[in-house]
Amino acid sequence: MIRGVIFDLGGTLIERGRRSFEPGNATALTEWLRSRGHHIGSEFTDAVVAEREASFARRTGMREVRAVEALRPVLARHGLPIDDTFLTAAESAFYEPELRAMRLLPDAIDVLELLRARGLRVALASNASSHYFVEECCRRLGISRYLDPIMSSAAIGWAKPDPRIFNAILQPWVMSPEHAVMVGDNVSTDIAGARALGMRSILLTAEHDPDEPRISEGVRADAEVATLREAGQVIVRWAQEA
């Protein structure tokens, strides 16, 4: 019997956003710094984008590289503060354009309401370099109240399919994997990670990239659905099983 549901974020509860937000985010950070009296040239924006790309390249295995790890050296090179308070504010300014662009997928609220009404535990597990972005995105879109906990690879340090991000949810729930289901749009991270632990899985294809495989190293989801509404129906059916 299913008693808990873990959702991915991008491409699952919210639109994936296929364009890169990095240049716009870096520009927003530059403008924020100037508005606070810091004199920086136009090269700062390019430096932020380059450092972010370099940080992604430094990822090893499933270990996450947090956004502040890319922002800190660029700020330092330009003689700007790098204390925790300033870094937190800079991270917020950096992600503002991306946050404003985020939109829920159809039926997201309805499905979360349905699962809560059924008494199911619901959480979020997102691969993201900023936990601030994940939490703030959920808050602005009105879905935070349905999700406990909200987990990200930035918070835990490890990205899906690493079991640690799933266990960070299941252990506080005191729930064994066979009683939980993962809903996501990526086979190699969401589905493979869940299946390796013994969780059921649902692949949501609403925003699925046609170039991405629906089977990864022989792993496929227990169910494939085109909409969140269909995902909710599958979960309710599984939850009713003896």
# chains A, B, ... in the order shown; residues from 1 in each chain; ligands from 1
call {"tool": "select_by_dssp", "arguments": {"residues": "segment 7-178 of chain A", "states": "alpha helix (DSSP H)", "output": "PyMOL selection string"}}
result
chain A and resi 22-35+43-57+67-77+84-101+108-117+131-140+153-156+163-173
call {"tool": "residues_around", "arguments": {"residues": "Ser126 of chain A", "least_positions_apart": "6", "cutoff": "6 Å", "atoms": "only C-alpha atoms", "output": "MDAnalysis selection string"}}
result
chainID A and resid 8:9 152
call {"tool": "residues_around", "arguments": {"residues": "Trp238 of chain A", "least_positions_apart": "2", "cutoff": "12 Å", "atoms": "only C-alpha atoms", "output": "list in words"}}
result
Met1, Ile2, Arg3, Gly4, Val5, Leu115, Arg118, Leu120, Glu178, His179, Ala180, Val181, Arg200, Ser201, Ile202, Asp222, Ala223, Ala231, Gly232, Gln233, Val234, Ile235, Val236, Gln240, Glu241 and Ala242 of chain A
call {"tool": "write_last_selection", "arguments": {"atoms": "N, CA and C atoms", "output": "compact mmCIF listing (two decimals), in the first residue's frame"}}
result
# COMPACT_ATOMS: atom_id res chain seq x y z
N MET A 1 0.84 -1.20 0.00
CA MET A 1 0.00 0.00 0.00
C MET A 1 0.88 1.25 0.00
N ILE A 2 0.54 2.21 -0.84
CA ILE A 2 1.28 3.47 -0.91
C ILE A 2 0.79 4.42 0.18
N ARG A 3 1.75 4.96 0.97
CA ARG A 3 1.41 5.90 2.03
C ARG A 3 2.11 7.24 1.88
N GLY A 4 3.10 7.30 0.95
CA GLY A 4 3.84 8.54 0.76
C GLY A 4 4.20 8.77 -0.69
N VAL A 5 4.24 10.03 -1.10
CA VAL A 5 4.54 10.41 -2.48
C VAL A 5 5.64 11.47 -2.48
N LEU A 115 -4.18 14.27 -2.83
CA LEU A 115 -3.33 13.39 -2.03
C LEU A 115 -3.43 13.72 -0.55
N ARG A 118 -6.52 12.33 0.89
CA ARG A 118 -6.43 10.89 1.07
C ARG A 118 -5.54 10.49 2.24
N LEU A 120 -2.26 10.99 2.49
CA LEU A 120 -0.91 10.56 2.09
C LEU A 120 0.13 11.60 2.47
N GLU A 178 8.99 0.61 -0.01
CA GLU A 178 7.90 -0.03 -0.75
C GLU A 178 6.55 0.64 -0.52
N HIS A 179 6.48 1.52 0.48
CA HIS A 179 5.24 2.23 0.75
C HIS A 179 5.23 3.64 0.14
N ALA A 180 6.26 3.95 -0.66
CA ALA A 180 6.36 5.28 -1.25
C ALA A 180 6.48 5.19 -2.77
N VAL A 181 6.10 6.28 -3.43
CA VAL A 181 6.20 6.36 -4.88
C VAL A 181 6.88 7.67 -5.27
N ARG A 200 8.08 2.51 -5.74
CA ARG A 200 7.40 2.53 -7.03
C ARG A 200 7.70 3.87 -7.70
N SER A 201 7.44 3.96 -8.99
CA SER A 201 7.77 5.19 -9.70
C SER A 201 6.79 5.46 -10.82
N ILE A 202 6.58 6.75 -11.07
CA ILE A 202 5.72 7.20 -12.16
C ILE A 202 6.49 8.21 -12.99
N ASP A 222 7.19 2.23 -13.21
CA ASP A 222 6.07 1.32 -13.03
C ASP A 222 4.85 1.80 -13.82
N ALA A 223 4.80 3.12 -14.04
CA ALA A 223 3.69 3.68 -14.82
C ALA A 223 4.19 4.92 -15.55
N ALA A 231 -1.40 11.01 -13.00
CA ALA A 231 -0.51 10.53 -11.93
C ALA A 231 -1.28 10.39 -10.62
N GLY A 232 -2.12 11.38 -10.32
CA GLY A 232 -2.92 11.32 -9.11
C GLY A 232 -3.84 10.12 -9.09
N GLN A 233 -4.42 9.81 -10.23
CA GLN A 233 -5.33 8.65 -10.32
C GLN A 233 -4.59 7.35 -10.07
N VAL A 234 -3.37 7.23 -10.62
CA VAL A 234 -2.57 6.02 -10.41
C VAL A 234 -2.21 5.89 -8.94
N ILE A 235 -1.79 6.99 -8.32
CA ILE A 235 -1.39 6.93 -6.91
C ILE A 235 -2.57 6.53 -6.02
N VAL A 236 -3.73 7.10 -6.28
CA VAL A 236 -4.91 6.75 -5.48
C VAL A 236 -5.23 5.27 -5.63
N GLN A 240 -5.01 2.29 -2.57
CA GLN A 240 -6.18 1.50 -2.17
C GLN A 240 -5.88 0.00 -2.17
N GLU A 241 -4.71 -0.37 -2.65
CA GLU A 241 -4.36 -1.79 -2.68
C GLU A 241 -4.16 -2.32 -1.26
N ALA A 242 -4.53 -3.55 -1.07
CA ALA A 242 -4.35 -4.16 0.26
C ALA A 242 -2.87 -4.43 0.51
call {"tool": "residues_around", "arguments": {"residues": "segment 11-19 of chain A", "least_positions_apart": "5", "cutoff": "7 Å", "atoms": "only C-alpha atoms", "output": "PyMOL selection string"}}
result
chain A and resi 102-105+108+184-185+204+207
call {"tool": "write_last_selection", "arguments": {"atoms": "C-alpha atoms", "output": "CSV table (one decimal), in the first residue's frame"}}
result
chain,number,residue,atom,x,y,z
A,102,MET,CA,8.3,29.8,-12.9
A,103,ARG,CA,4.8,28.4,-13.5
A,104,LEU,CA,2.9,25.4,-12.2
A,105,LEU,CA,2.0,22.6,-14.5
A,108,ALA,CA,-0.6,20.6,-9.7
A,184,GLY,CA,9.3,12.6,-11.9
A,185,ASP,CA,10.2,13.4,-15.5
A,204,LEU,CA,5.4,12.1,-16.1
A,207,GLU,CA,7.3,18.0,-20.5
call {"tool": "residues_around", "arguments": {"residues": "Ile143 of chain A", "least_positions_apart": "4", "cutoff": "10 Å", "atoms": "only C-alpha atoms", "output": "PyMOL selection string"}}
result
chain A and resi 13+104+108-109+112-113+135+137-139+147
call {"tool": "closest_residue", "arguments": {"among": "A:Ala50, A:Ala57, A:Leu33, A:Val122", "to": "Leu80 of chain A", "atoms": "only C-alpha atoms"}}
result
A:Leu33
call {"tool": "residues_around", "arguments": {"residues": "segment 154-165 of chain A", "least_positions_apart": "2", "cutoff": "9 Å", "atoms": "only C-alpha atoms", "output": "PDB file with C-alpha atoms, in the first residue's frame"}}
result
ATOM      1  CA  GLY A  61      29.479  11.586  -9.321  1.00  0.00           C
ATOM      2  CA  MET A  62      26.271  12.654  -7.662  1.00  0.00           C
ATOM      3  CA  ARG A  63      27.748  15.288  -5.355  1.00  0.00           C
ATOM      4  CA  GLU A  64      25.998  18.639  -5.773  1.00  0.00           C
ATOM      5  CA  VAL A  65      27.879  21.922  -6.243  1.00  0.00           C
ATOM      6  CA  ARG A  66      25.926  24.719  -4.590  1.00  0.00           C
ATOM      7  CA  ALA A  67      25.303  28.063  -6.262  1.00  0.00           C
ATOM      8  CA  ALA A 125      13.061  15.957  -3.936  1.00  0.00           C
ATOM      9  CA  SER A 126      14.702  18.286  -6.458  1.00  0.00           C
ATOM     10  CA  ASN A 127      18.138  18.287  -8.036  1.00  0.00           C
ATOM     11  CA  ALA A 128      19.103  21.944  -7.770  1.00  0.00           C
ATOM     12  CA  SER A 129      22.206  23.929  -6.897  1.00  0.00           C
ATOM     13  CA  SER A 130      20.217  26.284  -4.650  1.00  0.00           C
ATOM     14  CA  HIS A 131      17.954  25.203  -1.814  1.00  0.00           C
ATOM     15  CA  TYR A 132      16.818  28.821  -1.546  1.00  0.00           C
ATOM     16  CA  MET A 151      14.372  18.478  -0.048  1.00  0.00           C
ATOM     17  CA  SER A 152      17.008  19.477  -2.598  1.00  0.00           C
ATOM     18  CA  ASN A 167      16.363   8.536   2.578  1.00  0.00           C
ATOM     19  CA  ALA A 168      16.408  12.103   3.908  1.00  0.00           C
ATOM     20  CA  ILE A 169      12.656  12.008   3.330  1.00  0.00           C
ATOM     21  CA  SER A 188      18.046   8.276 -14.996  1.00  0.00           C
ATOM     22  CA  THR A 189      17.560  10.374 -11.849  1.00  0.00           C
ATOM     23  CA  ASP A 190      13.974  10.163 -10.586  1.00  0.00           C
ATOM     24  CA  ILE A 191      12.977   6.697 -11.754  1.00  0.00           C
ATOM     25  CA  ALA A 192      16.308   4.875 -11.421  1.00  0.00           C
ATOM     26  CA  GLY A 193      16.923   6.304  -7.963  1.00  0.00           C
ATOM     27  CA  ALA A 194      13.492   5.332  -6.709  1.00  0.00           C
ATOM     28  CA  ALA A 196      17.036   1.151  -6.726  1.00  0.00           C
ATOM     29  CA  LEU A 197      15.588   1.708  -3.261  1.00  0.00           C
TER      30      LEU A 197
END
call {"tool": "select_by_dssp", "arguments": {"residues": "segment 6-133 of chain A", "states": "strand (DSSP E or B)", "output": "list in words"}}
result
Ile6, Phe7, Gly10, Ile14, Arg63, Leu104, Arg121, Val122, Ala123, Leu124, Ala125 and Ser126 of chain A
call {"tool": "write_last_selection", "arguments": {"atoms": "C-alpha atoms", "output": "CSV table (one decimal), in the first residue's frame"}}
result
chain,number,residue,atom,x,y,z
A,6,ILE,CA,7.7,12.2,-3.5
A,7,PHE,CA,7.6,14.7,-6.4
A,10,GLY,CA,11.1,21.0,-12.6
A,14,ILE,CA,6.4,23.2,-12.5
A,63,ARG,CA,27.7,15.3,-5.4
A,104,LEU,CA,2.9,25.4,-12.2
A,121,ARG,CA,2.4,12.1,3.0
A,122,VAL,CA,3.8,14.3,0.3
A,123,ALA,CA,7.3,15.6,-0.2
A,124,LEU,CA,9.6,17.2,-2.8
A,125,ALA,CA,13.1,16.0,-3.9
A,126,SER,CA,14.7,18.3,-6.5
call {"tool": "atom_distance", "arguments": {"atom1": "atom CA of Glu224 of chain A", "atom2": "atom CA of Arg145 of chain A"}}
result
26.6 Å
call {"tool": "residues_around", "arguments": {"residues": "Ala47 of chain A", "least_positions_apart": "3", "cutoff": "12 Å", "atoms": "only C-alpha atoms", "output": "PyMOL selection string"}}
result
chain A and resi 22-23+26-27+29-30+40-44+50-54+70-78
call {"tool": "closest_residue", "arguments": {"among": "A:Phe86, A:Ile150, A:Glu96, A:Pro106", "to": "Leu228 of chain A", "atoms": "only C-alpha atoms"}}
result
A:Pro106
call {"tool": "closest_residue", "arguments": {"among": "A:Leu141, A:Asp148, A:Val187, A:Thr45", "to": "Pro172 of chain A", "atoms": "only C-alpha atoms"}}
result
A:Asp148
